[in-house]
Amino acid sequence: QGTFLLMEPEPDSEAIAFYTKVHQRKLHDYEGFLNRSECAGFWDVIVLTAIDDAQRTYYEHVLKDKANANEIPRCSEYIVISDPKDDDKVGCGGSTMEVLDVLDKRYGSRLDSMKVLLLHAGGYSKRLPNHSTSGKIFATIPHSLPRASSRSGCCTMLEMKLIMLVDMPRHMAPGVFLACSDDIEFFESDGIRLDDPGFIALAHPGSIKVGMSHGVFVLDPKAKDAPFSMSSLPCVQFLHKPSREVMVGAGALLHPNGKEPSSEAEIFLDSCFYFDRNVEKILLDFYRHHRPLRAEIDAYGDFLQPLGSKAVPSYFTNPKNVGVYTPRVAELRELLFHALQTNQVPLSVVPLIPSLFIHIGTCDEYMAHFCDNFAKFGFPRKVLSTVQADSEHLDPHSCLIHSALTAPSVTVAQGSVIEHCSLNYSDISIGKYCVS
């Protein structure tokens with residue numbers, strides 16, 4: 001099931017009970033915003049990025065339907081911003097800067113008091129092709145809102161993100177909170193503070209193995225000796241998809257104890273982050289001076305690697321973490337490095353212990369979570385579906401969403417996800433580990 005653990009770290013029964021309780025509390029708080037006409041304590045603006053105008057138009061229609069169905073709060077303003085037409089593929093970093101440009105033209109100085117949630121929708125979802133049209137942000141999740149209107153269906157990743165991050169706008173200074181749409185995190189955040197200058201990232205405990213395909217934070221050595229809380233701690237370096245040797249050499253391990261590190265040694269993984277109004281202005285100035293970018297910029301690797309007292313420029317020419325590498329990539333990385341270093345932009349992290357990081361970016365992960373892992377948190381395996389097939393033909397470790405199985409001999413095998421399907425002919429058989 002993929003090359004790394006699907007839930008990091010693997011939770012025991014006590015942890016599952018804790019995360020379930022936290023999720024139910026956040027779900028209750030989120031539902032409290034659904035009928036409000038004013039947004040005190042919630043996001044002023046929620047921005048979704050789209051890869052082109054066609055996807056933007058689709059997203060706008062879906063958002064309108066969700067607002068009418070009372071699935072998302074109508075007190076916030078929702079904006080969909082597509083990538084620039086006069087540029088090459090710009091990556092999520094270039095897309096972020098395009099968003100800042102659009103917001104600045106739209107709101108101007110009002111942004112000084114606004115709290116913005118920026119959700120990168122996942123493009124055309126090449127690794128999860130069943131959501132290539134909708135993008136991962138509107139991927140359905142086997143979960144529904146208990147008190148939403150009768151028109152509501154399953155939650156999508158959008159609602160899950162809004163539930164997961166429901167505490168953030170109450171505890172953050174004006175600025176932008178950036179998140180992607182291919183992961184879910186369970187963590188308590190009621191006492192979190194996001195009001196330090198610069199970048200503040202959420203950090204989740206994980207293993208070296210998972211860190212090799214994600215971002216890893218290196219804390220100040222003095223901070224590692226203090227008890228972890230939801231207060232921010234200084235980060236001296238951000239490593240983007242580092243090797244085991246790089247993590248060890250940089251001092252990323254939290255509890256080395258002088259021992260040879262194992263695959264279970266804990267590090268801090270990235271997920272989402274906040275940046276303040278000063279950073280908004282720095283990035284916007286950079287964008288307006290260097291567009292069209294003509295290269296991919298990554299919001300994680302290229303925004304965070306220049307930060308911290310131990311930041312090094314050795315990644316400029318690394319071709320591994322970009323779709324298409326050209327000399328322009330290295331040029332922009334160097335320019336951005338100097339822009340952030342010159343302005344002495346700080347990076348801090350909020351260690352979330354305990355917390356659970358769930359990645360849903362590939363078909364393997366999608367099937368494993370929907371058919372097995374989500375059920376541990378009370379998520380049903382059958383949601384808004386009609387089943388007339390004989391029960392012995394439906395494997396208990398399969399998942400049905402918005403589907404109808406009306407023929408008695410329909411068979412669905414272990415690990416398969418059936419979504420928006422009508423199977424009404426005899427002798428239809430869905431084999432193991434399929435997405436239909």
# chains A, B, ... in the order shown; residues from 1 in each chain; ligands from 1
call {"tool": "residues_around", "arguments": {"residues": "stretch 365-377 of chain A", "least_positions_apart": "4", "cutoff": "9 Å", "atoms": "only C-alpha atoms", "output": "list in words"}}
result
Gln1, Gly2, Leu6, Met7, Ser13, Ile16, Ala17, Tyr19, Thr20, His23, Leu128, Ile141, Pro142, Ile358, His359, Ile360, Gly361, Arg381, Pro396, His397, Ser398, Cys399, Gln414, Gly415, Ser416, Val417, Tyr433, Cys434 and Val435 of chain A
call {"tool": "select_by_dssp", "arguments": {"residues": "stretch 39-90 of chain A", "states": "helix (DSSP H, G or I)", "output": "PyMOL selection string"}}
result
chain A and resi 53-68
call {"tool": "write_last_selection", "arguments": {"atoms": "C-alpha atoms", "output": "PDB file, in the first residue's frame"}}
result
ATOM      1  CA  ASP A  53     -10.726  28.986 -16.351  1.00  0.00           C
ATOM      2  CA  ALA A  54     -12.735  25.835 -17.107  1.00  0.00           C
ATOM      3  CA  GLN A  55     -11.924  24.391 -13.698  1.00  0.00           C
ATOM      4  CA  ARG A  56     -12.558  27.776 -12.077  1.00  0.00           C
ATOM      5  CA  THR A  57     -16.075  27.909 -13.566  1.00  0.00           C
ATOM      6  CA  TYR A  58     -16.798  24.388 -12.318  1.00  0.00           C
ATOM      7  CA  TYR A  59     -15.566  25.244  -8.821  1.00  0.00           C
ATOM      8  CA  GLU A  60     -17.743  28.347  -8.689  1.00  0.00           C
ATOM      9  CA  HIS A  61     -20.830  26.286  -9.523  1.00  0.00           C
ATOM     10  CA  VAL A  62     -19.978  23.694  -6.860  1.00  0.00           C
ATOM     11  CA  LEU A  63     -19.432  26.383  -4.222  1.00  0.00           C
ATOM     12  CA  LYS A  64     -22.796  27.963  -5.061  1.00  0.00           C
ATOM     13  CA  ASP A  65     -24.529  24.572  -4.718  1.00  0.00           C
ATOM     14  CA  LYS A  66     -22.799  23.897  -1.404  1.00  0.00           C
ATOM     15  CA  ALA A  67     -23.791  27.279  -0.005  1.00  0.00           C
ATOM     16  CA  ASN A  68     -27.407  26.691  -1.074  1.00  0.00           C
TER      17      ASN A  68
END
call {"tool": "residues_around", "arguments": {"residues": "stretch 274-280 of chain A", "least_positions_apart": "5", "cutoff": "7 Å", "atoms": "only C-alpha atoms", "output": "number ranges by chain"}}
result
A: 100, 112, 174-178, 197-201
call {"tool": "atom_distance", "arguments": {"atom1": "atom CA of A:Gly91", "atom2": "atom CA of A:Asp182"}}
result
15.3 Å
call {"tool": "atom_distance", "arguments": {"atom1": "atom CA of A:Glu296", "atom2": "atom CA of A:Cys92"}}
result
7.8 Å
call {"tool": "residues_around", "arguments": {"residues": "A:Met247", "least_positions_apart": "4", "cutoff": "9 Å", "atoms": "only C-alpha atoms", "output": "PDB file with all heavy atoms, in the first residue's frame"}}
result
ATOM      1  N   ILE A 208      11.349   9.052   9.971  1.00  0.00           N
ATOM      2  CA  ILE A 208      12.329   9.415   8.949  1.00  0.00           C
ATOM      3  C   ILE A 208      11.850   8.952   7.577  1.00  0.00           C
ATOM      4  O   ILE A 208      11.989   9.674   6.577  1.00  0.00           O
ATOM      5  CB  ILE A 208      13.704   8.805   9.283  1.00  0.00           C
ATOM      6  CG1 ILE A 208      14.339   9.551  10.457  1.00  0.00           C
ATOM      7  CG2 ILE A 208      14.624   8.853   8.074  1.00  0.00           C
ATOM      8  CD1 ILE A 208      15.693   9.013  10.862  1.00  0.00           C
ATOM      9  N   GLY A 211       9.411  11.360   6.251  1.00  0.00           N
ATOM     10  CA  GLY A 211      10.068  12.631   6.007  1.00  0.00           C
ATOM     11  C   GLY A 211      10.783  12.694   4.672  1.00  0.00           C
ATOM     12  O   GLY A 211      10.924  13.776   4.086  1.00  0.00           O
ATOM     13  N   MET A 212      11.203  11.550   4.139  1.00  0.00           N
ATOM     14  CA  MET A 212      11.912  11.523   2.866  1.00  0.00           C
ATOM     15  C   MET A 212      11.031  11.946   1.697  1.00  0.00           C
ATOM     16  O   MET A 212      11.538  12.291   0.620  1.00  0.00           O
ATOM     17  CB  MET A 212      12.496  10.132   2.626  1.00  0.00           C
ATOM     18  CG  MET A 212      13.606   9.773   3.598  1.00  0.00           C
ATOM     19  SD  MET A 212      14.108   8.032   3.541  1.00  0.00           S
ATOM     20  CE  MET A 212      14.831   7.953   1.911  1.00  0.00           C
ATOM     21  N   VAL A 216      10.476  18.658   6.263  1.00  0.00           N
ATOM     22  CA  VAL A 216      10.924  18.361   7.625  1.00  0.00           C
ATOM     23  C   VAL A 216      11.477  19.636   8.253  1.00  0.00           C
ATOM     24  O   VAL A 216      12.263  20.367   7.629  1.00  0.00           O
ATOM     25  CB  VAL A 216      11.998  17.254   7.625  1.00  0.00           C
ATOM     26  CG1 VAL A 216      12.538  17.024   9.034  1.00  0.00           C
ATOM     27  CG2 VAL A 216      11.445  15.958   7.052  1.00  0.00           C
ATOM     28  N   VAL A 218      13.674  21.588  11.220  1.00  0.00           N
ATOM     29  CA  VAL A 218      14.788  21.439  12.159  1.00  0.00           C
ATOM     30  C   VAL A 218      14.627  22.523  13.219  1.00  0.00           C
ATOM     31  O   VAL A 218      14.722  23.721  12.921  1.00  0.00           O
ATOM     32  CB  VAL A 218      16.148  21.579  11.455  1.00  0.00           C
ATOM     33  CG1 VAL A 218      17.277  21.375  12.469  1.00  0.00           C
ATOM     34  CG2 VAL A 218      16.264  20.589  10.308  1.00  0.00           C
ATOM     35  N   LEU A 239      13.815  21.411   5.561  1.00  0.00           N
ATOM     36  CA  LEU A 239      14.366  20.459   4.599  1.00  0.00           C
ATOM     37  C   LEU A 239      13.235  19.948   3.718  1.00  0.00           C
ATOM     38  O   LEU A 239      12.206  19.505   4.224  1.00  0.00           O
ATOM     39  CB  LEU A 239      15.041  19.287   5.322  1.00  0.00           C
ATOM     40  CG  LEU A 239      16.052  19.645   6.416  1.00  0.00           C
ATOM     41  CD1 LEU A 239      16.504  18.379   7.153  1.00  0.00           C
ATOM     42  CD2 LEU A 239      17.242  20.377   5.827  1.00  0.00           C
ATOM     43  N   PRO A 242      14.063  15.475   2.220  1.00  0.00           N
ATOM     44  CA  PRO A 242      15.484  15.186   2.410  1.00  0.00           C
ATOM     45  C   PRO A 242      15.753  13.686   2.514  1.00  0.00           C
ATOM     46  O   PRO A 242      14.875  12.883   2.828  1.00  0.00           O
ATOM     47  CB  PRO A 242      15.792  15.871   3.735  1.00  0.00           C
ATOM     48  CG  PRO A 242      14.494  15.754   4.499  1.00  0.00           C
ATOM     49  CD  PRO A 242      13.405  15.899   3.470  1.00  0.00           C
ATOM     50  N   SER A 243      16.996  13.322   2.292  1.00  0.00           N
ATOM     51  CA  SER A 243      17.423  11.949   2.529  1.00  0.00           C
ATOM     52  C   SER A 243      17.587  11.722   4.032  1.00  0.00           C
ATOM     53  O   SER A 243      17.614  12.670   4.826  1.00  0.00           O
ATOM     54  CB  SER A 243      18.751  11.678   1.825  1.00  0.00           C
ATOM     55  OG  SER A 243      19.790  12.436   2.449  1.00  0.00           O
ATOM     56  N   GLY A 251      20.356  17.680  12.160  1.00  0.00           N
ATOM     57  CA  GLY A 251      19.843  17.701  13.528  1.00  0.00           C
ATOM     58  C   GLY A 251      18.331  17.714  13.597  1.00  0.00           C
ATOM     59  O   GLY A 251      17.749  18.266  14.528  1.00  0.00           O
ATOM     60  N   ALA A 252      17.676  17.078  12.604  1.00  0.00           N
ATOM     61  CA  ALA A 252      16.212  17.079  12.560  1.00  0.00           C
ATOM     62  C   ALA A 252      15.581  16.103  13.543  1.00  0.00           C
ATOM     63  O   ALA A 252      14.405  16.232  13.876  1.00  0.00           O
ATOM     64  CB  ALA A 252      15.732  16.758  11.143  1.00  0.00           C
ATOM     65  N   LEU A 253      16.353  15.102  14.022  1.00  0.00           N
ATOM     66  CA  LEU A 253      15.790  14.110  14.927  1.00  0.00           C
ATOM     67  C   LEU A 253      15.457  14.753  16.268  1.00  0.00           C
ATOM     68  O   LEU A 253      16.245  15.523  16.817  1.00  0.00           O
ATOM     69  CB  LEU A 253      16.760  12.953  15.130  1.00  0.00           C
ATOM     70  CG  LEU A 253      16.703  11.824  14.097  1.00  0.00           C
ATOM     71  CD1 LEU A 253      17.111  12.318  12.720  1.00  0.00           C
ATOM     72  CD2 LEU A 253      17.605  10.675  14.525  1.00  0.00           C
ATOM     73  N   ILE A 267      10.599  12.883  13.789  1.00  0.00           N
ATOM     74  CA  ILE A 267      10.953  14.190  13.248  1.00  0.00           C
ATOM     75  C   ILE A 267       9.671  15.012  13.208  1.00  0.00           C
ATOM     76  O   ILE A 267       8.598  14.511  13.569  1.00  0.00           O
ATOM     77  CB  ILE A 267      11.544  14.056  11.831  1.00  0.00           C
ATOM     78  CG1 ILE A 267      10.542  13.299  10.940  1.00  0.00           C
ATOM     79  CG2 ILE A 267      12.890  13.360  11.865  1.00  0.00           C
ATOM     80  CD1 ILE A 267      10.944  13.230   9.494  1.00  0.00           C
TER      81      ILE A 267
END
call {"tool": "atom_distance", "arguments": {"atom1": "atom CA of A:Ile51", "atom2": "atom CA of A:Asp298"}}
result
14.8 Å
call {"tool": "residues_around", "arguments": {"residues": "A:Met164", "least_positions_apart": "3", "cutoff": "9 Å", "atoms": "only C-alpha atoms", "output": "PyMOL selection string"}}
result
chain A and resi 23+26-27+30+159-161+167+184-187
call {"tool": "residues_around", "arguments": {"residues": "A:Ser95", "least_positions_apart": "4", "cutoff": "12 Å", "atoms": "only C-alpha atoms", "output": "ChimeraX atom specification"}}
result
/A:47-52,80-85,87-91,99-102,118-123,178,283-284,287,291-293,295-299
call {"tool": "write_last_selection", "arguments": {"atoms": "N, CA, C and O atoms", "output": "compact mmCIF listing (two decimals), in the first residue's frame"}}
result
# COMPACT_ATOMS: atom_id res chain seq x y z
N VAL A 47 -10.17 31.23 -0.40
CA VAL A 47 -9.73 31.22 -1.80
C VAL A 47 -9.40 29.79 -2.20
O VAL A 47 -8.68 29.08 -1.50
N LEU A 48 -9.93 29.38 -3.35
CA LEU A 48 -9.56 28.11 -3.97
C LEU A 48 -8.81 28.43 -5.25
O LEU A 48 -9.21 29.33 -6.00
N THR A 49 -7.74 27.71 -5.50
CA THR A 49 -7.03 27.90 -6.76
C THR A 49 -7.49 26.86 -7.78
O THR A 49 -7.85 25.74 -7.42
N ALA A 50 -7.50 27.25 -9.05
CA ALA A 50 -7.87 26.36 -10.14
C ALA A 50 -6.78 26.42 -11.19
O ALA A 50 -6.09 27.44 -11.34
N ILE A 51 -6.65 25.36 -11.94
CA ILE A 51 -5.55 25.30 -12.90
C ILE A 51 -5.85 26.10 -14.16
O ILE A 51 -4.94 26.55 -14.85
N ASP A 52 -7.14 26.30 -14.48
CA ASP A 52 -7.50 27.10 -15.65
C ASP A 52 -8.93 27.62 -15.48
O ASP A 52 -9.59 27.35 -14.47
N VAL A 80 -12.58 31.92 -6.38
CA VAL A 80 -11.78 30.93 -7.11
C VAL A 80 -10.87 31.69 -8.06
O VAL A 80 -11.33 32.52 -8.85
N ILE A 81 -9.58 31.43 -7.98
CA ILE A 81 -8.59 32.14 -8.79
C ILE A 81 -7.80 31.13 -9.61
O ILE A 81 -7.18 30.22 -9.04
N SER A 82 -7.85 31.26 -10.92
CA SER A 82 -7.12 30.35 -11.78
C SER A 82 -5.70 30.84 -12.00
O SER A 82 -5.38 32.02 -11.82
N ASP A 83 -4.84 29.92 -12.39
CA ASP A 83 -3.45 30.27 -12.66
C ASP A 83 -3.38 31.27 -13.82
O ASP A 83 -4.26 31.30 -14.69
N PRO A 84 -2.33 32.09 -13.85
CA PRO A 84 -2.23 33.12 -14.90
C PRO A 84 -2.21 32.52 -16.31
O PRO A 84 -1.53 31.53 -16.55
N LYS A 85 -2.96 33.14 -17.22
CA LYS A 85 -3.07 32.63 -18.59
C LYS A 85 -1.80 32.89 -19.40
O LYS A 85 -1.49 32.14 -20.33
N ASP A 87 1.31 32.69 -18.66
CA ASP A 87 2.52 32.13 -18.07
C ASP A 87 2.53 30.64 -18.27
O ASP A 87 1.52 30.02 -18.65
N ASP A 88 3.69 30.02 -18.01
CA ASP A 88 3.79 28.57 -18.03
C ASP A 88 3.22 28.03 -16.72
O ASP A 88 2.70 28.78 -15.90
N LYS A 89 3.33 26.71 -16.52
CA LYS A 89 2.91 26.14 -15.25
C LYS A 89 3.74 26.77 -14.14
O LYS A 89 4.97 26.73 -14.17
N VAL A 90 3.05 27.35 -13.13
CA VAL A 90 3.75 28.16 -12.13
C VAL A 90 3.89 27.47 -10.78
O VAL A 90 4.54 28.00 -9.88
N GLY A 91 3.31 26.27 -10.59
CA GLY A 91 3.40 25.58 -9.32
C GLY A 91 2.55 26.26 -8.26
O GLY A 91 2.00 27.34 -8.46
N VAL A 99 -2.59 34.66 -6.43
CA VAL A 99 -3.69 34.93 -5.51
C VAL A 99 -3.46 36.24 -4.76
O VAL A 99 -4.37 37.08 -4.64
N LEU A 100 -2.25 36.45 -4.26
CA LEU A 100 -1.96 37.68 -3.54
C LEU A 100 -2.15 38.91 -4.43
O LEU A 100 -2.63 39.96 -3.98
N ASP A 101 -1.79 38.78 -5.70
CA ASP A 101 -1.96 39.88 -6.63
C ASP A 101 -3.44 40.20 -6.84
O ASP A 101 -3.85 41.37 -6.80
N VAL A 102 -4.25 39.17 -7.02
CA VAL A 102 -5.69 39.36 -7.23
C VAL A 102 -6.33 39.96 -5.97
O VAL A 102 -7.15 40.88 -6.05
N LEU A 118 -6.31 30.04 2.15
CA LEU A 118 -5.94 29.72 0.78
C LEU A 118 -5.80 28.21 0.64
O LEU A 118 -4.93 27.59 1.28
N LEU A 119 -6.64 27.60 -0.18
CA LEU A 119 -6.64 26.16 -0.39
C LEU A 119 -6.24 25.86 -1.83
O LEU A 119 -6.95 26.22 -2.78
N HIS A 120 -5.11 25.22 -1.98
CA HIS A 120 -4.70 24.79 -3.32
C HIS A 120 -5.45 23.50 -3.66
O HIS A 120 -5.36 22.50 -2.96
N ALA A 121 -6.20 23.56 -4.75
CA ALA A 121 -7.20 22.53 -5.02
C ALA A 121 -6.65 21.24 -5.62
O ALA A 121 -7.37 20.26 -5.73
N GLY A 122 -5.41 21.21 -6.04
CA GLY A 122 -4.83 19.95 -6.48
C GLY A 122 -4.77 19.76 -7.97
O GLY A 122 -4.56 18.65 -8.45
N GLY A 123 -4.98 20.82 -8.74
CA GLY A 123 -4.83 20.71 -10.19
C GLY A 123 -5.72 19.66 -10.81
O GLY A 123 -6.88 19.51 -10.45
N LEU A 178 -2.30 28.88 4.53
CA LEU A 178 -2.21 28.11 3.29
C LEU A 178 -2.25 26.62 3.59
O LEU A 178 -1.54 26.14 4.47
N LEU A 283 6.17 38.84 -0.91
CA LEU A 283 5.90 37.92 -2.01
C LEU A 283 5.23 38.63 -3.18
O LEU A 283 5.53 38.35 -4.35
N LEU A 284 4.32 39.54 -2.87
CA LEU A 284 3.64 40.27 -3.94
C LEU A 284 4.62 41.16 -4.70
O LEU A 284 4.58 41.23 -5.94
N TYR A 287 6.67 38.98 -6.97
CA TYR A 287 5.88 38.51 -8.11
C TYR A 287 5.74 39.60 -9.17
O TYR A 287 5.92 39.35 -10.37
N ARG A 291 7.28 38.52 -12.80
CA ARG A 291 6.34 37.82 -13.68
C ARG A 291 6.50 38.31 -15.12
O ARG A 291 6.92 39.46 -15.33
N PRO A 292 6.19 37.46 -16.10
CA PRO A 292 5.77 36.07 -15.95
C PRO A 292 6.91 35.21 -15.43
O PRO A 292 8.07 35.41 -15.79
N LEU A 293 6.56 34.26 -14.59
CA LEU A 293 7.59 33.46 -13.91
C LEU A 293 8.30 32.52 -14.87
O LEU A 293 9.50 32.29 -14.76
N ALA A 295 8.34 29.41 -14.88
CA ALA A 295 8.91 28.27 -14.15
C ALA A 295 8.01 27.95 -12.97
O ALA A 295 7.19 28.76 -12.55
N GLU A 296 8.17 26.74 -12.43
CA GLU A 296 7.40 26.31 -11.28
C GLU A 296 8.06 26.77 -9.98
O GLU A 296 9.27 26.60 -9.79
N ILE A 297 7.25 27.34 -9.10
CA ILE A 297 7.68 27.71 -7.76
C ILE A 297 6.84 26.90 -6.78
O ILE A 297 5.62 26.83 -6.91
N ASP A 298 7.49 26.29 -5.80
CA ASP A 298 6.78 25.48 -4.81
C ASP A 298 6.57 26.29 -3.54
O ASP A 298 7.52 26.90 -3.01
N ALA A 299 5.33 26.30 -3.05
CA ALA A 299 5.01 27.10 -1.87
C ALA A 299 5.68 26.56 -0.61
O ALA A 299 5.84 27.28 0.38
call {"tool": "closest_residue", "arguments": {"among": "A:Thr406, A:Ser385, A:Thr326, A:Ser231", "to": "A:Val350", "atoms": "only C-alpha atoms"}}
result
A:Ser231
call {"tool": "residues_around", "arguments": {"residues": "A:Tyr425", "least_positions_apart": "6", "cutoff": "10 Å", "atoms": "only C-alpha atoms", "output": "VMD selection string"}}
result
chain A and resid 405 to 410
call {"tool": "closest_residue", "arguments": {"among": "A:Ile401, A:Met97, A:Val116, A:Cys155", "to": "A:Phe303", "atoms": "only C-alpha atoms"}}
result
A:Met97
call {"tool": "closest_residue", "arguments": {"among": "A:Ser348, A:Ser181, A:Asn70, A:Asn424", "to": "A:Ser271", "atoms": "only C-alpha atoms"}}
result
A:Ser181
call {"tool": "select_by_dssp", "arguments": {"residues": "stretch 161-286 of chain A", "states": "strand (DSSP E or B)", "output": "VMD selection string"}}
result
chain A and resid 172 175 to 180 183 to 187 194 199 to 207 215 to 219 233 to 240 266 to 276
